[in-house]
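Below is the file start08.csv, which contains CSV, C-alpha atoms.
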chain,number,residue,atom,x,y,z
U,120,MET,CA,17.8,2.9,23.2
U,121,LYS,CA,14.2,2.3,24.3
U,122,LYS,CA,12.2,0.3,21.7
U,123,LYS,CA,9.7,2.4,19.7
U,124,LYS,CA,6.0,2.0,20.6
U,125,GLN,CA,4.2,-0.2,18.1
U,126,ILE,CA,1.6,1.9,16.1
U,127,ASN,CA,-1.3,-0.5,15.7
U,128,GLU,CA,-3.2,2.0,13.5
U,129,ILE,CA,-0.9,1.5,10.6
U,130,TYR,CA,-2.2,-2.0,10.2
U,131,ILE,CA,-5.6,-0.6,9.7
U,132,THR,CA,-4.1,1.7,7.0
U,133,ARG,CA,-2.6,-1.3,5.3
U,134,ALA,CA,-6.0,-3.0,5.5
U,135,LEU,CA,-7.7,-0.1,3.8
U,136,ALA,CA,-4.9,0.0,1.1
U,137,ILE,CA,-5.2,-3.7,0.3
U,138,LEU,CA,-9.0,-3.3,0.0
U,139,GLY,CA,-8.4,-0.6,-2.5
U,140,VAL,CA,-6.1,-2.9,-4.5
U,141,LEU,CA,-8.7,-5.7,-4.5
U,142,ILE,CA,-11.5,-3.3,-5.6
U,143,VAL,CA,-9.5,-1.9,-8.5
U,144,HIS,CA,-8.5,-5.3,-9.8
U,145,SER,CA,-11.9,-6.8,-9.3
U,146,THR,CA,-13.5,-4.0,-11.5
U,147,SER,CA,-10.7,-3.8,-14.1
U,148,THR,CA,-12.4,-6.0,-16.7
U,149,SER,CA,-15.7,-4.3,-16.2
U,150,ILE,CA,-14.4,-1.1,-17.6
U,151,GLY,CA,-13.8,-2.8,-21.0
U,152,GLU,CA,-16.9,-5.0,-20.9
U,153,LEU,CA,-19.6,-2.4,-20.1
U,154,ASP,CA,-21.0,0.1,-22.6
U,155,THR,CA,-19.8,3.6,-21.8
U,156,GLY,CA,-23.4,4.8,-22.2
U,157,SER,CA,-24.6,2.5,-19.4
U,158,SER,CA,-26.2,4.2,-16.5
U,159,VAL,CA,-23.8,2.3,-14.1
U,160,TYR,CA,-20.6,3.0,-16.1
U,161,GLY,CA,-19.9,6.0,-13.9
U,162,ILE,CA,-20.1,3.9,-10.8
U,163,TYR,CA,-17.6,1.3,-12.2
U,164,ASN,CA,-15.3,4.1,-13.4
U,165,PHE,CA,-15.4,5.6,-9.9
U,166,THR,CA,-14.6,2.3,-8.1
U,167,ASN,CA,-11.8,1.5,-10.6
U,168,ILE,CA,-10.2,5.0,-10.4
U,169,PHE,CA,-10.9,6.3,-6.9
U,170,PHE,CA,-9.4,3.3,-5.1
U,171,LYS,CA,-6.1,3.4,-6.9
U,172,PHE,CA,-4.5,4.6,-3.7
U,173,GLY,CA,-3.3,1.1,-2.6
U,174,THR,CA,0.3,0.9,-3.9
U,175,PRO,CA,1.2,4.6,-3.2
U,176,THR,CA,-0.1,4.1,0.4
U,177,PHE,CA,1.9,1.0,0.9
U,178,ILE,CA,5.1,2.8,-0.3
U,179,PHE,CA,4.4,5.7,2.1
U,180,LEU,CA,3.8,3.3,5.0
U,181,SER,CA,7.0,1.3,4.3
U,182,SER,CA,9.1,4.5,4.4
U,183,PHE,CA,7.3,5.8,7.5
U,184,VAL,CA,7.9,2.5,9.4
U,185,LEU,CA,11.6,2.4,8.5
U,186,PHE,CA,12.3,6.0,9.5
U,187,TYR,CA,10.2,5.8,12.6
U,188,ASN,CA,12.1,2.7,13.8
U,189,TYR,CA,15.6,3.5,12.6
U,190,TYR,CA,16.1,7.3,12.5
U,191,HIS,CA,16.7,7.7,16.2
U,192,LYS,CA,19.0,4.7,16.5
U,193,ASN,CA,22.8,4.7,16.3
U,194,ILE,CA,23.6,3.4,12.9
U,195,THR,CA,26.3,0.6,13.0
U,196,LYS,CA,27.6,-1.8,10.5
U,197,ASP,CA,25.9,-4.7,12.3
U,198,LEU,CA,22.6,-2.9,12.2
U,199,LEU,CA,22.8,-2.3,8.5
U,200,ILE,CA,23.8,-5.9,7.8
U,201,LYS,CA,20.9,-7.1,9.9
U,202,PHE,CA,18.6,-4.7,8.1
U,203,TYR,CA,19.6,-5.9,4.6
U,204,LYS,CA,19.5,-9.6,5.7
U,205,ASN,CA,16.0,-9.4,7.2
U,206,ARG,CA,14.3,-7.0,4.8
U,207,LEU,CA,15.7,-8.4,1.6
U,208,LEU,CA,15.3,-12.0,2.7
U,209,TYR,CA,11.7,-11.6,3.6
U,210,ILE,CA,10.8,-9.8,0.4
U,211,LEU,CA,13.2,-11.3,-2.2
U,212,ILE,CA,12.3,-15.0,-1.6
U,213,PRO,CA,8.5,-14.5,-1.8
U,214,TYR,CA,9.0,-12.2,-4.8
U,215,PHE,CA,11.0,-14.8,-6.7
U,216,ILE,CA,8.6,-17.7,-5.9
U,217,PHE,CA,5.5,-15.7,-6.9
U,218,SER,CA,7.2,-14.4,-10.0
U,219,LEU,CA,8.1,-17.9,-11.0
U,220,GLY,CA,4.6,-19.1,-10.2
U,221,TYR,CA,2.8,-16.3,-12.1
U,222,TYR,CA,5.2,-16.6,-15.1
U,223,TRP,CA,4.4,-20.3,-15.4
U,224,PHE,CA,0.7,-19.7,-14.9
U,225,LEU,CA,0.4,-16.9,-17.4
U,226,TYR,CA,3.0,-17.8,-20.1
U,227,GLN,CA,2.9,-21.6,-20.1
U,228,PRO,CA,0.7,-21.7,-23.2
U,229,TYR,CA,3.5,-20.0,-25.2
U,230,PHE,CA,6.2,-22.4,-24.0
U,231,PRO,CA,5.8,-24.9,-27.0
U,232,TYR,CA,6.7,-22.0,-29.3
U,233,MET,CA,9.8,-21.0,-27.3
U,234,THR,CA,13.2,-22.6,-26.7
U,235,THR,CA,14.3,-23.3,-23.2
U,236,GLU,CA,16.8,-20.5,-23.4
U,237,GLU,CA,14.1,-18.1,-24.5
U,238,ILE,CA,11.8,-19.1,-21.7
U,239,ILE,CA,14.6,-18.5,-19.1
U,240,GLU,CA,15.7,-15.2,-20.7
U,241,ASN,CA,12.1,-14.0,-20.8
U,242,PHE,CA,11.5,-14.9,-17.2
U,243,ILE,CA,14.7,-13.2,-16.0
U,244,SER,CA,13.8,-10.0,-17.9
U,245,LYS,CA,10.3,-9.9,-16.3
U,246,LEU,CA,11.8,-10.8,-12.9
U,247,LEU,CA,14.2,-7.9,-13.1
U,248,MET,CA,11.4,-5.4,-14.0
U,249,GLY,CA,8.6,-6.7,-11.8
U,250,LYS,CA,6.6,-7.8,-14.8
U,251,ALA,CA,6.0,-11.5,-14.3
U,252,ALA,CA,2.5,-10.4,-13.3
U,253,TYR,CA,0.9,-7.0,-13.6
U,254,HIS,CA,0.8,-6.4,-9.9
U,255,LEU,CA,4.4,-7.5,-8.9
U,256,TYR,CA,5.8,-4.1,-9.9
U,257,PHE,CA,5.1,-2.9,-6.4
U,258,VAL,CA,7.3,-5.6,-4.8
U,259,PHE,CA,10.0,-4.7,-7.3
U,260,ILE,CA,9.8,-1.0,-6.3
U,261,SER,CA,9.9,-2.0,-2.6
U,262,ILE,CA,13.2,-3.9,-3.2
U,263,GLN,CA,14.6,-0.7,-4.9
U,264,LEU,CA,13.5,1.4,-1.9
U,265,TYR,CA,15.0,-1.0,0.6
U,266,LEU,CA,18.3,-0.8,-1.2
U,267,LEU,CA,18.1,3.0,-1.1
U,268,PHE,CA,17.0,3.2,2.6
U,269,PRO,CA,20.4,3.0,4.4
U,270,PHE,CA,21.9,5.7,2.2
U,271,LEU,CA,18.9,8.0,2.7
U,272,LEU,CA,18.9,7.3,6.4
U,273,LEU,CA,22.5,8.3,6.8
U,274,LEU,CA,22.0,11.4,4.7
U,275,PHE,CA,19.0,12.6,6.8
U,276,LYS,CA,20.8,11.8,10.0
U,277,LYS,CA,24.0,13.6,8.9
U,278,VAL,CA,22.3,16.8,7.6
U,279,LYS,CA,20.4,18.1,10.6
U,280,GLY,CA,17.1,19.6,9.7
U,281,LEU,CA,16.9,18.0,6.3
U,282,GLY,CA,13.9,16.0,7.4
U,283,ARG,CA,11.8,19.3,7.5
U,284,HIS,CA,12.3,19.6,3.7
U,285,ALA,CA,11.6,16.0,2.9
U,286,VAL,CA,8.1,16.6,1.5
U,287,TRP,CA,9.1,19.1,-1.2
U,288,ILE,CA,12.3,17.2,-2.0
U,289,GLY,CA,10.3,14.1,-2.7
U,290,PHE,CA,8.0,16.0,-5.2
U,291,VAL,CA,11.1,17.6,-6.9
U,292,ILE,CA,12.7,14.2,-7.4
U,293,GLN,CA,9.6,12.5,-8.6
U,294,TRP,CA,8.5,15.3,-11.0
U,295,GLY,CA,12.0,15.8,-12.2
U,296,PHE,CA,12.1,12.2,-13.2
U,297,VAL,CA,8.6,12.4,-14.8
U,298,LEU,CA,9.6,15.5,-16.9
U,299,LEU,CA,13.0,14.1,-17.9
U,300,ASN,CA,11.4,10.8,-18.9
U,301,ARG,CA,8.8,12.6,-21.0
U,302,GLU,CA,11.4,14.7,-22.8
U,303,TYR,CA,14.5,12.5,-22.9
U,304,PHE,CA,14.4,9.0,-21.4
U,305,HIS,CA,11.1,7.7,-22.8
U,306,ILE,CA,11.1,4.8,-20.4
U,307,THR,CA,7.8,3.0,-21.1
U,308,LEU,CA,7.9,1.0,-17.8
U,309,LYS,CA,8.5,4.0,-15.6
U,310,GLY,CA,5.9,2.6,-13.2
U,311,SER,CA,8.4,-0.1,-12.2
U,312,ILE,CA,11.1,2.5,-11.3
U,313,SER,CA,11.1,3.8,-7.7
U,314,LEU,CA,11.8,7.4,-8.8
U,315,SER,CA,8.1,7.5,-9.9
U,316,TYR,CA,7.1,7.3,-6.2
U,317,MET,CA,9.5,9.5,-4.4
U,318,ALA,CA,6.9,11.9,-3.2
U,319,TYR,CA,5.2,9.1,-1.2
U,320,TYR,CA,8.5,7.8,0.0
U,321,PHE,CA,9.7,11.1,1.2
U,322,LEU,CA,6.4,11.8,2.8
U,323,GLY,CA,7.0,8.7,4.8
U,324,ILE,CA,10.5,10.0,5.8
U,325,PHE,CA,9.0,13.2,7.1
U,326,VAL,CA,6.2,11.5,9.1
U,327,GLY,CA,8.6,8.9,10.4
U,328,ILE,CA,11.1,11.4,11.7
U,329,TYR,CA,8.6,13.8,13.2
U,330,TYR,CA,5.8,11.4,14.1
U,331,ASN,CA,5.8,12.4,17.8
U,332,GLN,CA,5.4,16.1,16.9
U,333,ILE,CA,2.6,15.6,14.4
U,334,ILE,CA,0.7,12.7,16.0
U,335,GLU,CA,-2.0,15.3,16.9
U,336,PHE,CA,-2.8,15.7,13.2
U,337,PHE,CA,-3.6,12.0,12.8
U,338,ASN,CA,-5.1,11.4,16.2
U,339,PHE,CA,-7.7,14.0,15.6
U,340,LYS,CA,-10.2,15.1,18.2
U,341,LYS,CA,-13.3,17.3,17.9
U,342,LYS,CA,-12.1,19.7,20.5
U,343,ARG,CA,-9.0,20.5,18.3
U,344,LEU,CA,-11.2,21.4,15.3
U,345,PHE,CA,-9.9,25.0,15.3
U,346,SER,CA,-6.3,24.2,16.3
U,347,LYS,CA,-3.5,24.3,13.7
U,348,ALA,CA,-3.8,20.5,13.3
U,349,GLY,CA,-7.6,20.8,12.8
U,350,LEU,CA,-7.3,23.5,10.2
U,351,ALA,CA,-4.5,21.6,8.4
U,352,ALA,CA,-6.7,18.5,8.4
U,353,ALA,CA,-9.7,20.5,7.0
U,354,ALA,CA,-7.5,21.9,4.2
U,355,ILE,CA,-6.2,18.5,3.3
U,356,TRP,CA,-9.6,16.9,3.2
U,357,GLY,CA,-10.8,19.7,1.0
U,358,LEU,CA,-7.9,19.3,-1.4
U,359,TRP,CA,-8.4,15.6,-1.4
U,360,ILE,CA,-12.1,15.9,-2.4
U,361,ILE,CA,-11.1,18.2,-5.2
U,362,SER,CA,-8.2,16.1,-6.5
U,363,ALA,CA,-10.2,12.8,-6.2
U,364,SER,CA,-13.1,14.3,-8.2
U,365,SER,CA,-10.8,15.7,-10.8
U,366,TYR,CA,-9.0,12.4,-11.2
U,367,VAL,CA,-12.2,10.3,-11.4
U,368,TYR,CA,-13.8,12.7,-13.9
U,369,LEU,CA,-10.7,13.0,-16.1
U,370,TRP,CA,-10.7,9.2,-16.6
U,371,TYR,CA,-14.5,9.1,-17.1
U,372,TRP,CA,-14.3,11.8,-19.8
U,373,THR,CA,-11.5,9.9,-21.5
U,374,ARG,CA,-13.2,6.5,-21.5
U,375,VAL,CA,-16.6,7.9,-22.6
U,376,THR,CA,-15.4,10.3,-25.3
U,377,GLY,CA,-12.3,8.4,-26.4
U,378,ASN,CA,-10.3,11.6,-26.2
U,379,TRP,CA,-7.0,12.1,-24.3
U,380,ALA,CA,-5.7,15.1,-22.4
U,381,ASP,CA,-2.0,15.9,-21.9
U,382,SER,CA,-0.3,12.9,-20.2
U,383,LEU,CA,0.9,15.2,-17.4
U,384,LEU,CA,-2.6,16.0,-16.4
U,385,TYR,CA,-3.2,12.3,-15.7
U,386,GLU,CA,0.0,12.1,-13.8
U,387,LEU,CA,-0.8,15.2,-11.8
U,388,THR,CA,-4.3,14.2,-10.8
U,389,TRP,CA,-3.2,10.7,-9.9
U,390,ASN,CA,-0.3,12.0,-7.9
U,391,MET,CA,-2.4,14.5,-5.9
U,392,HIS,CA,-5.3,12.1,-5.3
U,393,THR,CA,-3.2,9.2,-4.2
U,394,TYR,CA,-0.8,11.3,-2.1
U,395,LEU,CA,-3.6,13.0,-0.2
U,396,SER,CA,-5.4,9.6,0.1
U,397,ALA,CA,-2.4,8.2,1.9
U,398,ILE,CA,-2.6,10.9,4.5
U,399,ILE,CA,-6.4,10.7,4.8
U,400,LEU,CA,-6.3,6.9,5.2
U,401,MET,CA,-3.9,7.1,8.1
U,402,GLN,CA,-6.0,9.7,9.8
U,403,VAL,CA,-9.1,7.6,9.2
U,404,SER,CA,-7.3,4.6,10.7
U,405,TYR,CA,-6.9,6.5,14.0
U,406,ILE,CA,-10.6,7.2,14.0
U,407,ILE,CA,-11.4,3.6,13.3
U,408,PHE,CA,-9.1,2.4,16.1
U,409,ALA,CA,-10.6,4.8,18.6
U,410,LYS,CA,-14.3,4.6,17.6
U,411,PHE,CA,-15.1,1.3,15.9
U,412,PRO,CA,-16.1,-1.9,17.9
U,413,THR,CA,-13.1,-3.9,19.1
U,414,TRP,CA,-14.0,-7.0,17.1
U,415,MET,CA,-14.2,-5.0,13.9
U,416,THR,CA,-11.0,-3.1,14.6
U,417,ASN,CA,-9.1,-6.3,15.3
U,418,ARG,CA,-10.3,-7.9,12.1
U,419,LEU,CA,-9.0,-4.9,10.1
U,420,ILE,CA,-5.7,-5.0,12.0
U,421,HIS,CA,-5.3,-8.7,11.1
U,422,LEU,CA,-6.1,-7.9,7.5
U,423,GLY,CA,-3.4,-5.3,7.6
U,424,VAL,CA,-0.9,-7.8,9.1
U,425,VAL,CA,-1.4,-10.3,6.3
U,426,SER,CA,-1.9,-7.7,3.5
U,427,PHE,CA,1.5,-8.3,1.8
U,428,GLY,CA,0.7,-12.0,1.4
U,429,ILE,CA,-2.8,-11.1,0.1
U,430,TYR,CA,-1.2,-8.8,-2.4
U,431,LEU,CA,1.0,-11.5,-3.7
U,432,ILE,CA,-1.6,-14.3,-4.0
U,433,HIS,CA,-4.8,-12.4,-4.9
U,434,VAL,CA,-4.2,-12.3,-8.7
U,435,PHE,CA,-4.1,-16.2,-8.8
U,436,LEU,CA,-7.5,-16.3,-7.1
U,437,LEU,CA,-8.9,-13.4,-9.2
U,438,ASP,CA,-8.2,-15.2,-12.4
U,439,PHE,CA,-9.5,-18.5,-11.0
U,440,PHE,CA,-12.8,-17.0,-9.8
U,441,ARG,CA,-13.3,-15.0,-13.0
U,442,ALA,CA,-13.2,-18.2,-14.9
U,443,TRP,CA,-15.3,-20.1,-12.3
U,444,LEU,CA,-18.1,-17.6,-11.9
U,445,PRO,CA,-20.8,-18.1,-14.6
U,446,GLN,CA,-21.1,-15.7,-17.5
U,447,THR,CA,-24.3,-13.7,-17.7
U,448,GLY,CA,-26.0,-11.1,-19.9
U,449,ASN,CA,-28.4,-10.1,-17.1
U,450,PRO,CA,-27.3,-6.7,-15.8
U,451,ILE,CA,-28.4,-7.4,-12.2
U,452,PHE,CA,-26.6,-10.7,-12.1
U,453,TYR,CA,-23.5,-9.1,-13.7
U,454,HIS,CA,-23.3,-6.6,-10.8
U,455,PHE,CA,-23.7,-9.4,-8.3
U,456,LYS,CA,-21.0,-11.3,-10.1
U,457,ILE,CA,-18.5,-8.5,-9.7
U,458,LEU,CA,-19.4,-8.0,-6.0
U,459,ALA,CA,-19.0,-11.8,-5.5
U,460,LEU,CA,-15.7,-11.8,-7.3
U,461,PHE,CA,-14.3,-9.1,-4.9
U,462,LEU,CA,-15.7,-10.9,-1.8
U,463,LEU,CA,-14.5,-14.4,-2.9
U,464,VAL,CA,-10.9,-13.1,-3.6
U,465,LEU,CA,-10.9,-11.2,-0.3
U,466,PHE,CA,-12.1,-14.1,1.8
U,467,PHE,CA,-10.0,-16.9,0.3
U,468,SER,CA,-6.8,-14.9,0.0
U,469,TRP,CA,-7.2,-13.7,3.6
U,470,MET,CA,-8.0,-17.2,4.8
U,471,ILE,CA,-5.1,-18.8,3.0
U,472,VAL,CA,-2.5,-16.3,4.2
U,473,GLY,CA,-4.0,-16.2,7.7
U,474,ILE,CA,-4.0,-19.9,8.1
U,475,ALA,CA,-0.4,-20.2,6.7
U,476,VAL,CA,0.9,-17.5,9.1
U,477,ARG,CA,-0.8,-19.0,12.1
U,478,SER,CA,0.1,-22.6,11.5
U,479,SER,CA,3.7,-22.5,10.1
U,480,LYS,CA,6.8,-20.5,11.1
U,481,TYR,CA,8.0,-20.9,7.5
U,482,ALA,CA,5.0,-19.0,6.0
U,483,TRP,CA,7.4,-16.0,5.5
U,484,ILE,CA,9.0,-17.9,2.6
U,485,LEU,CA,5.7,-17.3,0.6
U,486,PHE,CA,4.1,-14.4,2.3
U,487,GLY,CA,6.8,-12.3,3.9
U,488,ALA,CA,7.3,-11.5,7.6
U,489,THR,CA,4.6,-10.7,10.1
U,490,PRO,CA,5.0,-9.3,13.6
U,491,LYS,CA,6.2,-11.7,16.3
U,492,ASN,CA,3.4,-10.5,18.6
U,493,MET,CA,0.1,-10.0,16.8
U,494,PRO,CA,-1.1,-6.4,17.3
U,495,TYR,CA,-4.6,-5.9,18.5
U,496,LYS,CA,-7.0,-3.5,20.3
U,497,GLN,CA,-7.9,-4.4,23.8
U,498,LYS,CA,-11.5,-4.5,24.9
U,499,GLU,CA,-12.3,-1.4,27.0
U,500,LYS,CA,-12.8,-3.4,30.3
U,501,GLN,CA,-9.5,-5.2,29.7
U,502,ALA,CA,-7.7,-2.0,28.9
U,503,GLU,CA,-9.1,-0.4,32.1
U,504,SER,CA,-8.0,-3.4,34.1
U,505,ASN,CA,-4.5,-3.2,32.7
U,506,ILE,CA,-4.3,0.5,33.5
U,507,HIS,CA,-5.5,-0.2,37.1
U,508,LEU,CA,-2.9,-3.0,37.5
U,509,GLU,CA,-0.1,-0.8,36.2
U,510,GLY,CA,-1.2,1.9,38.6
U,511,LYS,CA,-1.1,-0.5,41.5
U,512,LYS,CA,2.3,-1.7,40.4
U,513,SER,CA,3.7,1.8,40.1
U,514,TYR,CA,2.3,2.6,43.6
U,515,THR,CA,4.0,-0.4,45.1
U,516,ILE,CA,7.3,0.4,43.5
U,517,GLY,CA,7.0,4.0,44.7
U,518,ARG,CA,6.6,2.8,48.2
Now that the file is in, can you turn its structure into structure tokens?
Amino acid sequence: MKKKKQINEIYITRALAILGVLIVHSTSTSIGELDTGSSVYGIYNFTNIFFKFGTPTFIFLSSFVLFYNYYHKNITKDLLIKFYKNRLLYILIPYFIFSLGYYWFLYQPYFPYMTTEEIIENFISKLLMGKAAYHLYFVFISIQLYLLFPFLLLLFKKVKGLGRHAVWIGFVIQWGFVLLNREYFHITLKGSISLSYMAYYFLGIFVGIYYNQIIEFFNFKKKRLFSKAGLAAAAIWGLWIISASSYVYLWYWTRVTGNWADSLLYELTWNMHTYLSAIILMQVSYIIFAKFPTWMTNRLIHLGVVSFGIYLIHVFLLDFFRAWLPQTGNPIFYHFKILALFLLVLFFSWMIVGIAVRSSKYAWILFGATPKNMPYKQKEKQAESNIHLEGKKSYTIGR
């Protein structure tokens, strides 16, 4: 079967998602440090809450890429073995290494008060729940979803038309788990369980299966403003603005007043905001790819390519630069410090992973796999030249 066309725009979506992760983590301590009556508290609350679309977007993209690449293939035993070997190898080894590193980095001060057996048992328990560091739960969830993928792929291939129902099925599974956990299971670490993200995963299934039919929605043009795709996009953007505003304000109200609403309201506003954000970010990625300068687009594509490695390493750098940057009571310098923290973590994590990937074929051991051929956007003149050459080639063959 013909190899699927590489979708360069998804690397831009990954870049936007990792930027969201870095913004949230860079502002996390500010929420506790600043006075809730401060004139800038609302701004910090906004950046800390609005940009929480990173992990859900990564989950959506993972599912989308898998179903886009595999759904129309003939599923064989060899294909499944290769899938498990490649996917789990490229995620399990980096996950184990970084879990071990973060565990040592964060818990080493407690080792003198623990026996060797307790240290090992504690590490294993955190490894098995993605809790060696606060951000590794995403990798743990990804492992769960990779294990589920072949079974879901076979199910959606076997039951014709099931893909059309993937969106609502995902919501039913996710919210069924949320409600059952609230009433019966009482799992405190539900964020480390893949069932908490099934709406995003099944959205990826739907988009992956029907991508060629719905590409018009993402690759939006002004002339299609009043088409079905245009009206659907307008509706989603409207709902996104409402859900984002609700989610941000709910947390602002909670943090300022100290009062809490029903837990389901936080779950609902988070779910709707991040779900719609994943769709919006992908649409924005197509706009960026089409409209932004080539150099800027290619920088974002590269950021997306190395985003998994950045995700793994950035907390080390975040803690280092938090300790390294000077403490200050001056409000102006404080804001510059937070901005500097974000920029330093972005720059150095990007540089470290980028150099490793470019200079060593074994970089995957730490930072996961990257494409064999680096995706990029051609310059307009280069693209026109390629089209011209392809046209001449076709003409010659035709003769």
Output, as lines of an AutoDock Vina configuration file, the centre and edge lengths in Å (one decimal) of the axis-aligned box that contains all listed atoms of segment 363-377 of chain U with 3 Å of margin on each side.
center_x = -12.8
center_y = 11.1
center_z = -16.3
size_x = 13.6
size_y = 15.2
size_z = 26.2
Worksheet item: Which is closer to Leu369 of chain U than all the others in U:Leu322, U:Tyr187, U:Phe169, U:Thr176, using all atoms listed in the file?
Response: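 Using all atoms listed in the file, Leu369 of chain U sits closest to U:Phe169.
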Discussion item. Taking 4 positions as the minimum chain separation for residues in the same chain, which residues sit within 8 Å of Ile292 of chain U when counting all atoms listed in the file? Answer as a PyMOL selection string.
Written reply: chain U and resi 288+296+314+317-318
Worksheet item: Using all atoms listed in the file, which of U:Met248, U:Ser313, U:Phe339, U:Leu383 sits nearest Arg301 of chain U?
Response: U:Leu383
Worksheet item: Taking into account only C-alpha atoms, which residue in the set U:Arg133, U:Tyr160, U:Leu299, U:Leu225 is nearest to Ile429 of chain U?
Response: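 When distances to Ile429 of chain U are compared using only C-alpha atoms, the smallest one comes from U:Arg133.
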Proximity check segment 260-367 of chain U to segment 211-224 of chain U, 12 Å, nearest pairs one decimal Å, only C-alpha atoms, as a Markdown table:
| residue | atom | partner | partner_atom | distance |
| --- | --- | --- | --- | --- |
| U:Ile260 | CA | U:Tyr214 | CA | 11.3 |
| U:Ser261 | CA | U:Leu211 | CA | 9.9 |
| U:Ile262 | CA | U:Leu211 | CA | 7.5 |
| U:Gln263 | CA | U:Leu211 | CA | 11.0 |
| U:Tyr265 | CA | U:Leu211 | CA | 10.8 |
| U:Leu266 | CA | U:Leu211 | CA | 11.7 |
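Distances here use only C-alpha atoms; by that measure, the residue among U:Gln402, U:Thr195, U:Ser147, U:Asn241 closest to Lys340 of chain U is U:Gln402.
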Practice prompt. To one decimal in Å, tell me the separation between atom CA of Phe345 of chain U and atom CA of Ala397 of chain U.
Written response: 22.8 Å
Worksheet, complete the sentence: Nearest to Tyr330 of chain U, restricted to all atoms listed in the file and choosing among U:Arg283, U:Asn193, U:Trp356, U:Leu273, comes out as U:Arg283
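Residues within 9 Å of segment 444-447 of chain U, counting only C-alpha atoms and excluding same-chain residues fewer than 5 positions away, are Phe439, Phe452, Tyr453, Lys456, Ala459 and Leu460 of chain U.
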Item to complete: List the neighbours of Ile407 of chain U out to 9 Å using all atoms listed in the file; skip same-chain residues closer than 6 positions along the sequence, and give me the result as a PyMOL selection string.
Response: chain U and resi 128+131+416
Discussion item. Need the shell around Phe321 of chain U: protein/DNA/RNA residues with any atom at most 9 Å away, counting all atoms listed in the file. Skip same-chain ones fewer than 4 positions apart. Format as a PyMOL selection string?
Written reply: chain U and resi 179+182-183+282+285-290+316-317+325-326
Worksheet item: So what do you get for atom CA of Pro412 of chain U versus atom CA of Leu138 of chain U, distance-wise?
Response: 19.3 Å
Fill in: Nearest-residue call for Met401 of chain U, choices U:Val159, U:Ala352, U:Leu462, U:Val278, using only C-alpha atoms
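Going through U:Val159, U:Ala352, U:Leu462, U:Val278 one by one, the smallest distance to Met401 of chain U is for U:Ala352.
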Discussion item. I need every residue sitting at most 7 Å from the point (-11.5, -10.3, -4.2) (coordinates as in the file, all atoms listed in the file considered), written as number ranges by chain.
Written reply: U: 141, 145, 437, 460-465
Worksheet item: Interatomic distance between atom CA of Asn167 of chain U and atom CA of Ile150 of chain U?
Response: 7.9 Å
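Look at Ala136 of chain U: the protein and nucleic acid residues within 10 Å of it, using all atoms listed in the file and passing over chain neighbours fewer than 5 places away, are Tyr130, Ile131, Leu141, Ile142, Phe170, Lys171, Phe172, Gly173, Thr174, Pro175, Thr176, Phe177, Ser396, Ala397, Leu400, Gly423 and Ser426 of chain U.
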